[in-house]
file run-v2.pdb (PDB, C-alpha atoms)
ATOM      1  CA  MET A 216     114.190  89.969 110.840
ATOM      2  CA  ARG A 217     111.859  88.432 108.300
ATOM      3  CA  GLN A 218     108.112  87.942 108.703
ATOM      4  CA  GLU A 219     105.811  86.312 106.211
ATOM      5  CA  VAL A 220     102.168  87.276 106.663
ATOM      6  CA  PHE A 221      99.111  85.847 104.916
ATOM      7  CA  MET A 222      95.640  87.427 105.074
ATOM      8  CA  ALA A 223      92.379  85.949 103.783
ATOM      9  CA  GLY A 224      88.662  86.632 103.791
ATOM     10  CA  MET A 225      85.643  87.464 101.674
ATOM     11  CA  GLY A 226      85.818  90.172  99.071
ATOM     12  CA  GLY A 227      84.716  93.436 100.655
ATOM     13  CA  GLN A 228      86.125  92.661 104.113
ATOM     14  CA  GLY A 229      89.163  94.827 103.551
ATOM     15  CA  VAL A 230      91.762  92.081 103.266
ATOM     16  CA  LEU A 231      93.676  93.952 100.572
ATOM     17  CA  LEU A 232      93.409  97.272 102.412
ATOM     18  CA  ALA A 233      94.783  95.702 105.599
ATOM     19  CA  GLY A 234      97.667  94.244 103.613
ATOM     20  CA  GLN A 235      98.340  97.525 101.855
ATOM     21  CA  LEU A 236      98.284  99.376 105.175
ATOM     22  CA  LEU A 237     100.738  96.949 106.779
ATOM     23  CA  ALA A 238     102.958  97.247 103.696
ATOM     24  CA  GLN A 239     102.939 101.059 103.893
ATOM     25  CA  ALA A 240     103.715 100.956 107.618
ATOM     26  CA  ALA A 241     106.629  98.590 106.982
ATOM     27  CA  LEU A 242     108.009 100.934 104.326
ATOM     28  CA  GLU A 243     107.687 103.881 106.694
ATOM     29  CA  ALA A 244     109.524 101.869 109.357
ATOM     30  CA  GLY A 245     112.424 101.448 106.907
ATOM     31  CA  LEU A 246     111.809  97.794 106.118
ATOM     32  CA  GLU A 247     111.869  95.987 102.770
ATOM     33  CA  LEU A 248     108.792  94.133 101.584
ATOM     34  CA  SER A 249     106.746  92.494  98.922
ATOM     35  CA  TRP A 250     102.955  92.673  98.854
ATOM     36  CA  PHE A 251     101.098  90.200  96.697
ATOM     37  CA  PRO A 252      97.306  90.714  96.527
ATOM     38  CA  LEU A 253      95.001  88.134  94.968
ATOM     39  CA  TYR A 254      91.252  88.189  94.534
ATOM     40  CA  SER A 255      88.781  85.990  92.712
ATOM     41  CA  PRO A 256      86.798  87.381  89.768
ATOM     42  CA  GLU A 257      83.289  86.981  91.222
ATOM     43  CA  VAL A 258      81.253  90.147  91.531
ATOM     44  CA  ARG A 259      79.850  89.016  94.890
ATOM     45  CA  GLY A 260      80.994  86.342  97.306
ATOM     46  CA  GLY A 261      84.531  86.139  95.968
ATOM     47  CA  ARG A 262      87.616  85.482  98.057
ATOM     48  CA  ALA A 263      90.511  87.839  98.683
ATOM     49  CA  THR A 264      93.993  87.069  99.963
ATOM     50  CA  CYS A 265      97.269  88.858 100.221
ATOM     51  CA  THR A 266     100.747  87.830 101.183
ATOM     52  CA  LEU A 267     103.411  90.099 102.616
ATOM     53  CA  VAL A 268     107.061  89.380 103.162
ATOM     54  CA  ILE A 269     108.561  91.998 105.471
ATOM     55  CA  ALA A 270     112.284  92.015 106.199
ATOM     56  CA  ASP A 271     115.168  94.192 107.261
ATOM     57  CA  GLY A 272     117.062  93.023 104.165
ATOM     58  CA  GLU A 273     116.241  92.259 100.562
ATOM     59  CA  VAL A 274     113.098  90.287  99.770
ATOM     60  CA  GLY A 275     113.654  87.935  96.871
ATOM     61  CA  SER A 276     110.179  86.531  96.302
ATOM     62  CA  PRO A 277     106.596  87.175  97.396
ATOM     63  CA  VAL A 278     105.855  83.442  97.349
ATOM     64  CA  VAL A 279     105.248  81.980 100.805
ATOM     65  CA  GLY A 280     104.469  78.346 101.521
ATOM     66  CA  ARG A 281     104.166  78.334 105.305
ATOM     67  CA  PRO A 282     103.750  81.875 106.651
ATOM     68  CA  GLN A 283     104.649  82.778 110.220
ATOM     69  CA  GLY A 284     101.605  85.001 110.552
ATOM     70  CA  MET A 285      97.984  84.873 109.422
ATOM     71  CA  ILE A 286      94.975  87.123 109.679
ATOM     72  CA  LEU A 287      91.859  85.091 108.865
ATOM     73  CA  MET A 288      88.658  87.080 108.599
ATOM     74  CA  ASP A 289      86.010  84.359 108.284
ATOM     75  CA  GLY A 290      85.336  80.645 108.676
ATOM     76  CA  ILE A 291      86.159  79.762 105.075
ATOM     77  CA  ALA A 292      89.559  81.422 105.419
ATOM     78  CA  VAL A 293      90.226  79.456 108.611
ATOM     79  CA  ALA A 294      89.156  76.165 107.001
ATOM     80  CA  ASN A 295      91.147  76.754 103.821
ATOM     81  CA  HIS A 296      94.356  78.267 105.126
ATOM     82  CA  LEU A 297      95.086  77.713 108.833
ATOM     83  CA  GLY A 298      96.740  74.358 108.149
ATOM     84  CA  ARG A 299      99.505  76.152 106.234
ATOM     85  CA  ILE A 300     100.739  78.301 109.103
ATOM     86  CA  HIS A 301     104.271  77.634 110.270
ATOM     87  CA  SER A 302     104.742  75.888 113.602
ATOM     88  CA  ASN A 303     105.195  78.593 116.278
ATOM     89  CA  GLY A 304     103.334  81.012 114.006
ATOM     90  CA  LEU A 305     100.741  83.601 114.986
ATOM     91  CA  ALA A 306      97.135  83.323 113.767
ATOM     92  CA  VAL A 307      94.592  86.091 114.335
ATOM     93  CA  ILE A 308      91.026  84.885 113.767
ATOM     94  CA  ASN A 309      87.803  86.902 113.575
ATOM     95  CA  THR A 310      85.493  84.992 115.918
ATOM     96  CA  SER A 311      82.550  87.123 114.788
ATOM     97  CA  LEU A 312      82.581  85.053 111.576
ATOM     98  CA  ALA A 313      84.588  81.963 112.504
ATOM     99  CA  SER A 314      84.987  79.612 115.401
ATOM    100  CA  GLY A 315      87.901  80.331 117.681
ATOM    101  CA  GLU A 316      88.310  76.584 118.183
ATOM    102  CA  VAL A 317      91.578  75.547 116.575
ATOM    103  CA  ASN A 318      93.162  72.116 116.824
ATOM    104  CA  ARG A 319      96.716  73.421 116.775
ATOM    105  CA  ASP A 320      98.718  73.607 119.972
ATOM    106  CA  ASP A 321     101.916  74.528 118.127
ATOM    107  CA  ILE A 322     100.826  78.086 117.218
ATOM    108  CA  LYS A 323      99.986  81.283 119.040
ATOM    109  CA  LEU A 324      96.296  82.024 118.536
ATOM    110  CA  VAL A 325      94.563  85.363 118.995
ATOM    111  CA  ALA A 326      90.805  84.936 118.627
ATOM    112  CA  ILE A 327      88.902  88.224 118.753
ATOM    113  CA  ALA A 328      85.455  89.274 117.596
ATOM    114  CA  GLY A 329      86.713  91.750 114.994
ATOM    115  CA  THR A 330      83.331  92.563 113.475
ATOM    116  CA  ASP A 331      81.784  93.143 116.908
ATOM    117  CA  ILE A 332      84.719  95.344 117.951
ATOM    118  CA  ALA A 333      84.370  97.370 114.772
ATOM    119  CA  ALA A 334      80.640  97.864 115.356
ATOM    120  CA  GLN A 335      81.385  99.073 118.886
ATOM    121  CA  VAL A 336      83.813 101.722 117.624
ATOM    122  CA  GLY A 337      81.479 102.939 114.894
ATOM    123  CA  SER A 338      81.558 100.785 111.763
ATOM    124  CA  GLU A 339      81.510  97.037 111.106
ATOM    125  CA  ARG A 340      83.650  97.775 108.061
ATOM    126  CA  ALA A 341      86.610  98.366 110.398
ATOM    127  CA  ALA A 342      86.834  94.680 111.399
ATOM    128  CA  ASN A 343      89.956  94.379 109.266
ATOM    129  CA  MET A 344      91.560  97.125 111.367
ATOM    130  CA  ALA A 345      90.729  95.368 114.660
ATOM    131  CA  LEU A 346      92.354  92.171 113.392
ATOM    132  CA  LEU A 347      95.354  94.043 111.997
ATOM    133  CA  GLY A 348      95.783  95.871 115.317
ATOM    134  CA  ALA A 349      95.825  92.529 117.114
ATOM    135  CA  TYR A 350      98.393  91.112 114.695
ATOM    136  CA  VAL A 351     100.697  94.123 114.890
ATOM    137  CA  GLN A 352     100.522  94.204 118.694
ATOM    138  CA  VAL A 353     101.476  90.560 119.136
ATOM    139  CA  SER A 354     103.921  90.171 116.231
ATOM    140  CA  GLY A 355     105.784  93.420 116.793
ATOM    141  CA  VAL A 356     106.524  93.613 113.064
ATOM    142  CA  VAL A 357     105.982  97.401 113.207
ATOM    143  CA  GLU A 358     104.729  99.758 115.885
ATOM    144  CA  LEU A 359     100.987 100.363 116.025
ATOM    145  CA  ARG A 360     101.488 104.136 115.824
ATOM    146  CA  VAL A 361     103.259 103.683 112.454
ATOM    147  CA  VAL A 362     100.239 101.760 111.145
ATOM    148  CA  GLU A 363      97.949 104.536 112.405
ATOM    149  CA  GLN A 364     100.043 107.190 110.641
ATOM    150  CA  ALA A 365     100.104 105.144 107.425
ATOM    151  CA  LEU A 366      96.299 105.391 107.221
ATOM    152  CA  TYR A 367      96.710 108.986 106.036
ATOM    153  CA  ARG A 368      98.766 107.827 103.046
ATOM    154  CA  VAL A 369      96.856 104.664 102.175
ATOM    155  CA  LEU A 370      93.301 105.985 102.357
ATOM    156  CA  PRO A 371      92.243 108.522  99.747
ATOM    157  CA  LYS A 372      91.484 111.982 101.185
ATOM    158  CA  ARG A 373      87.757 111.477 100.612
ATOM    159  CA  HIS A 374      87.892 108.656 103.203
ATOM    160  CA  HIS A 375      89.914 110.483 105.865
ATOM    161  CA  ASP A 376      86.700 110.970 107.873
ATOM    162  CA  TYR A 377      86.932 107.233 108.647
ATOM    163  CA  ILE A 378      90.447 107.407 110.068
ATOM    164  CA  PRO A 379      89.390 107.985 113.717
ATOM    165  CA  THR A 380      87.135 104.898 113.549
ATOM    166  CA  ASN A 381      89.937 102.861 111.966
ATOM    167  CA  ILE A 382      92.406 103.987 114.621
ATOM    168  CA  ALA A 383      89.934 103.115 117.391
ATOM    169  CA  ALA A 384      89.497  99.627 115.871
ATOM    170  CA  LEU A 385      93.277  99.148 115.537
ATOM    171  CA  GLN A 386      93.798 100.157 119.170
ATOM    172  CA  ARG A 387      90.953  98.028 120.518
ATOM    173  CA  GLY A 388      92.141  94.968 118.591
ATOM    174  CA  ALA A 389      95.669  95.506 119.924
ATOM    175  CA  GLN A 390      94.388  95.904 123.477
ATOM    176  CA  LEU A 391      92.288  92.731 123.355
ATOM    177  CA  ALA A 392      95.129  90.716 121.839
ATOM    178  CA  GLU A 393      97.480  91.838 124.580
ATOM    179  CA  GLU A 394      94.919  90.983 127.262
ATOM    180  CA  GLN A 395      94.271  87.573 125.712
ATOM    181  CA  LEU A 396      97.934  86.578 125.730
ATOM    182  CA  ARG A 397      98.719  87.666 129.301
TER     183      ARG A 397
END

call {"tool": "encode", "arguments": {"input": "run-v2.pdb", "output": "structure tokens"}}
result
Amino acid sequence: MRQEVFMAGMGGQGVLLAGQLLAQAALEAGLELSWFPLYSPEVRGGRATCTLVIADGEVGSPVVGRPQGMILMDGIAVANHLGRIHSNGLAVINTSLASGEVNRDDIKLVAIAGTDIAAQVGSERAANMALLGAYVQVSGVVELRVVEQALYRVLPKRHHDYIPTNIAALQRGAQLAEEQLR
């Protein structure tokens, strides 16, 4: 098993946190990985991306040209990166901030309103969790419960009050993704 995942969005949307959480969950599931975060230097309005390579064997390089999976958190991310996804890949798009209209019939698309879901469960800041929940549910890279447990190790203790909201967003995103692909 080897999955290459690319995430992109605006700075402050939690792209790097979502990547770090998936990385921690993969480690806890006994998998090998590389996590490569990248963010632009702007104070406001910058872009953030991260790439993960998750495998059941050694990972030689974090460089990925055509990832099998993408989580795209806004319209700019969709415009700039969707064309790179591997044929038969999985793209999860936040339709709260991007159109769900994609001119690719060779990929699996999950289009959910991540920001709206997050607001419904208590905080718009959990949109990254809704999208990550959708990705994990459809890709099967790790179990959702492992991602939920990893929150306790990734988030500093001072932010543990937000864990129930994050778990609710993860679960709702997973549920909507499953419903969408039935």

call {"tool": "resolve_selection", "arguments": {"input": "run-v2.pdb", "expression": "the PyMOL selection byres ((chain A and resi 233-240) around 10)", "output": "ChimeraX atom specification"}}
result
/A:220-223,228-232,241-252,264-269,286,341-348,351,356-370

call {"tool": "atom_distance", "arguments": {"input": "run-v2.pdb", "atom1": "atom CA of A:Asp321", "atom2": "atom CA of A:Glu219"}}
result
17.2 Å

call {"tool": "residues_around", "arguments": {"input": "run-v2.pdb", "residues": "A:Met285", "least_positions_apart": "2", "cutoff": "8 Å", "atoms": "only C-alpha atoms", "output": "number ranges by chain"}}
result
A: 220-222, 282-283, 287, 297, 300, 305-307

call {"tool": "closest_residue", "arguments": {"input": "run-v2.pdb", "among": "A:Ile378, A:Val353, A:Gly280, A:Ser302", "to": "A:Arg397", "atoms": "only C-alpha atoms"}}
result
A:Val353

call {"tool": "residues_around", "arguments": {"input": "run-v2.pdb", "residues": "A:Gly224", "least_positions_apart": "2", "cutoff": "6 Å", "atoms": "only C-alpha atoms", "output": "list in words"}}
result
Arg262, Ala263, Met288, Asp289 and Ala292 of chain A

call {"tool": "write_last_selection", "arguments": {"input": "run-v2.pdb", "atoms": "C-alpha atoms", "output": "CSV table (one decimal), in the frame of the given file"}}
result
chain,number,residue,atom,x,y,z
A,262,ARG,CA,87.6,85.5,98.1
A,263,ALA,CA,90.5,87.8,98.7
A,288,MET,CA,88.7,87.1,108.6
A,289,ASP,CA,86.0,84.4,108.3
A,292,ALA,CA,89.6,81.4,105.4

call {"tool": "closest_residue", "arguments": {"input": "run-v2.pdb", "among": "A:Gln352, A:Gln395, A:Leu253, A:Arg319", "to": "A:Pro277", "atoms": "all atoms listed in the file"}}
result
A:Leu253

call {"tool": "atom_distance", "arguments": {"input": "run-v2.pdb", "atom1": "atom CA of A:His301", "atom2": "atom CA of A:Arg281"}}
result
5.0 Å

call {"tool": "atom_distance", "arguments": {"input": "run-v2.pdb", "atom1": "atom CA of A:Asp331", "atom2": "atom CA of A:Ser311"}}
result
6.4 Å

call {"tool": "axis_aligned_box", "arguments": {"input": "run-v2.pdb", "around": "stretch 262-271 of chain A", "padding_each_side": "6 Å", "output": "JSON"}}
result
{"center_x": 101.4, "center_y": 89.8, "center_z": 102.7, "size_x": 39.6, "size_y": 20.7, "size_z": 21.2}

call {"tool": "resolve_selection", "arguments": {"input": "run-v2.pdb", "expression": "the PyMOL selection byres ((chain A and resi 327) around 8)", "output": "PDB file with C-alpha atoms, in the coordinates of the input"}}
result
ATOM      1  CA  VAL A 307      94.592  86.091 114.335  1.00  0.00           C
ATOM      2  CA  ILE A 308      91.026  84.885 113.767  1.00  0.00           C
ATOM      3  CA  ASN A 309      87.803  86.902 113.575  1.00  0.00           C
ATOM      4  CA  THR A 310      85.493  84.992 115.918  1.00  0.00           C
ATOM      5  CA  SER A 311      82.550  87.123 114.788  1.00  0.00           C
ATOM      6  CA  VAL A 325      94.563  85.363 118.995  1.00  0.00           C
ATOM      7  CA  ALA A 326      90.805  84.936 118.627  1.00  0.00           C
ATOM      8  CA  ALA A 328      85.455  89.274 117.596  1.00  0.00           C
ATOM      9  CA  GLY A 329      86.713  91.750 114.994  1.00  0.00           C
ATOM     10  CA  LEU A 346      92.354  92.171 113.392  1.00  0.00           C
ATOM     11  CA  GLY A 388      92.141  94.968 118.591  1.00  0.00           C
ATOM     12  CA  LEU A 391      92.288  92.731 123.355  1.00  0.00           C
ATOM     13  CA  ALA A 392      95.129  90.716 121.839  1.00  0.00           C
TER      14      ALA A 392
END

call {"tool": "closest_residue", "arguments": {"input": "run-v2.pdb", "among": "A:Gly284, A:Pro256, A:Pro379, A:Gly261", "to": "A:Arg217", "atoms": "all atoms listed in the file"}}
result
A:Gly284

call {"tool": "build_atoms", "arguments": {"input": "run-v2.pdb", "residues": "stretch 250-275 of chain A", "atoms": "N, CA and C atoms", "output": "PDB file, in the coordinates of the input"}}
result
ATOM      1  N   TRP A 250     104.395  92.779  98.576  1.00  0.00           N
ATOM      2  CA  TRP A 250     102.955  92.673  98.854  1.00  0.00           C
ATOM      3  C   TRP A 250     102.329  92.055  97.631  1.00  0.00           C
ATOM      4  N   PHE A 251     101.659  90.934  97.822  1.00  0.00           N
ATOM      5  CA  PHE A 251     101.098  90.200  96.697  1.00  0.00           C
ATOM      6  C   PHE A 251      99.601  89.993  96.936  1.00  0.00           C
ATOM      7  N   PRO A 252      98.757  90.864  96.354  1.00  0.00           N
ATOM      8  CA  PRO A 252      97.306  90.714  96.527  1.00  0.00           C
ATOM      9  C   PRO A 252      96.744  89.733  95.504  1.00  0.00           C
ATOM     10  N   LEU A 253      95.663  89.061  95.878  1.00  0.00           N
ATOM     11  CA  LEU A 253      95.001  88.134  94.968  1.00  0.00           C
ATOM     12  C   LEU A 253      93.517  88.118  95.306  1.00  0.00           C
ATOM     13  N   TYR A 254      92.689  88.245  94.297  1.00  0.00           N
ATOM     14  CA  TYR A 254      91.252  88.189  94.534  1.00  0.00           C
ATOM     15  C   TYR A 254      90.589  87.446  93.402  1.00  0.00           C
ATOM     16  N   SER A 255      89.492  86.780  93.723  1.00  0.00           N
ATOM     17  CA  SER A 255      88.781  85.990  92.712  1.00  0.00           C
ATOM     18  C   SER A 255      87.893  86.921  91.885  1.00  0.00           C
ATOM     19  N   PRO A 256      87.497  86.486  90.695  1.00  0.00           N
ATOM     20  CA  PRO A 256      86.798  87.381  89.768  1.00  0.00           C
ATOM     21  C   PRO A 256      85.293  87.544  90.014  1.00  0.00           C
ATOM     22  N   GLU A 257      84.720  86.850  90.983  1.00  0.00           N
ATOM     23  CA  GLU A 257      83.289  86.981  91.222  1.00  0.00           C
ATOM     24  C   GLU A 257      82.921  88.404  91.591  1.00  0.00           C
ATOM     25  N   VAL A 258      81.742  88.823  91.173  1.00  0.00           N
ATOM     26  CA  VAL A 258      81.253  90.147  91.531  1.00  0.00           C
ATOM     27  C   VAL A 258      80.867  90.171  93.011  1.00  0.00           C
ATOM     28  N   ARG A 259      80.223  89.124  93.481  1.00  0.00           N
ATOM     29  CA  ARG A 259      79.850  89.016  94.890  1.00  0.00           C
ATOM     30  C   ARG A 259      80.271  87.635  95.409  1.00  0.00           C
ATOM     31  N   GLY A 260      80.664  87.618  96.674  1.00  0.00           N
ATOM     32  CA  GLY A 260      80.994  86.342  97.306  1.00  0.00           C
ATOM     33  C   GLY A 260      82.358  85.797  96.962  1.00  0.00           C
ATOM     34  N   GLY A 261      83.188  86.592  96.321  1.00  0.00           N
ATOM     35  CA  GLY A 261      84.531  86.139  95.968  1.00  0.00           C
ATOM     36  C   GLY A 261      85.450  86.116  97.178  1.00  0.00           C
ATOM     37  N   ARG A 262      86.620  85.596  96.995  1.00  0.00           N
ATOM     38  CA  ARG A 262      87.616  85.482  98.057  1.00  0.00           C
ATOM     39  C   ARG A 262      88.758  86.455  97.775  1.00  0.00           C
ATOM     40  N   ALA A 263      89.360  86.948  98.812  1.00  0.00           N
ATOM     41  CA  ALA A 263      90.511  87.839  98.683  1.00  0.00           C
ATOM     42  C   ALA A 263      91.609  87.363  99.625  1.00  0.00           C
ATOM     43  N   THR A 264      92.835  87.397  99.137  1.00  0.00           N
ATOM     44  CA  THR A 264      93.993  87.069  99.963  1.00  0.00           C
ATOM     45  C   THR A 264      95.116  88.045  99.629  1.00  0.00           C
ATOM     46  N   CYS A 265      96.028  88.166 100.543  1.00  0.00           N
ATOM     47  CA  CYS A 265      97.269  88.858 100.221  1.00  0.00           C
ATOM     48  C   CYS A 265      98.376  88.274 101.075  1.00  0.00           C
ATOM     49  N   THR A 266      99.560  88.329 100.518  1.00  0.00           N
ATOM     50  CA  THR A 266     100.747  87.830 101.183  1.00  0.00           C
ATOM     51  C   THR A 266     101.752  88.964 101.271  1.00  0.00           C
ATOM     52  N   LEU A 267     102.346  89.113 102.426  1.00  0.00           N
ATOM     53  CA  LEU A 267     103.411  90.099 102.616  1.00  0.00           C
ATOM     54  C   LEU A 267     104.646  89.386 103.125  1.00  0.00           C
ATOM     55  N   VAL A 268     105.777  89.787 102.612  1.00  0.00           N
ATOM     56  CA  VAL A 268     107.061  89.380 103.162  1.00  0.00           C
ATOM     57  C   VAL A 268     107.728  90.671 103.598  1.00  0.00           C
ATOM     58  N   ILE A 269     107.991  90.785 104.879  1.00  0.00           N
ATOM     59  CA  ILE A 269     108.561  91.998 105.471  1.00  0.00           C
ATOM     60  C   ILE A 269     109.902  91.621 106.089  1.00  0.00           C
ATOM     61  N   ALA A 270     110.950  92.374 105.725  1.00  0.00           N
ATOM     62  CA  ALA A 270     112.284  92.015 106.199  1.00  0.00           C
ATOM     63  C   ALA A 270     113.148  93.255 106.373  1.00  0.00           C
ATOM     64  N   ASP A 271     114.219  93.092 107.124  1.00  0.00           N
ATOM     65  CA  ASP A 271     115.168  94.192 107.261  1.00  0.00           C
ATOM     66  C   ASP A 271     116.269  94.103 106.206  1.00  0.00           C
ATOM     67  N   GLY A 272     116.149  93.160 105.297  1.00  0.00           N
ATOM     68  CA  GLY A 272     117.062  93.023 104.165  1.00  0.00           C
ATOM     69  C   GLY A 272     116.254  92.783 102.908  1.00  0.00           C
ATOM     70  N   GLU A 273     116.917  92.462 101.835  1.00  0.00           N
ATOM     71  CA  GLU A 273     116.241  92.259 100.562  1.00  0.00           C
ATOM     72  C   GLU A 273     115.218  91.130 100.636  1.00  0.00           C
ATOM     73  N   VAL A 274     114.136  91.307  99.888  1.00  0.00           N
ATOM     74  CA  VAL A 274     113.098  90.287  99.770  1.00  0.00           C
ATOM     75  C   VAL A 274     113.173  89.770  98.342  1.00  0.00           C
ATOM     76  N   GLY A 275     113.448  88.493  98.200  1.00  0.00           N
ATOM     77  CA  GLY A 275     113.654  87.935  96.871  1.00  0.00           C
ATOM     78  C   GLY A 275     112.391  87.492  96.171  1.00  0.00           C
TER      79      GLY A 275
END
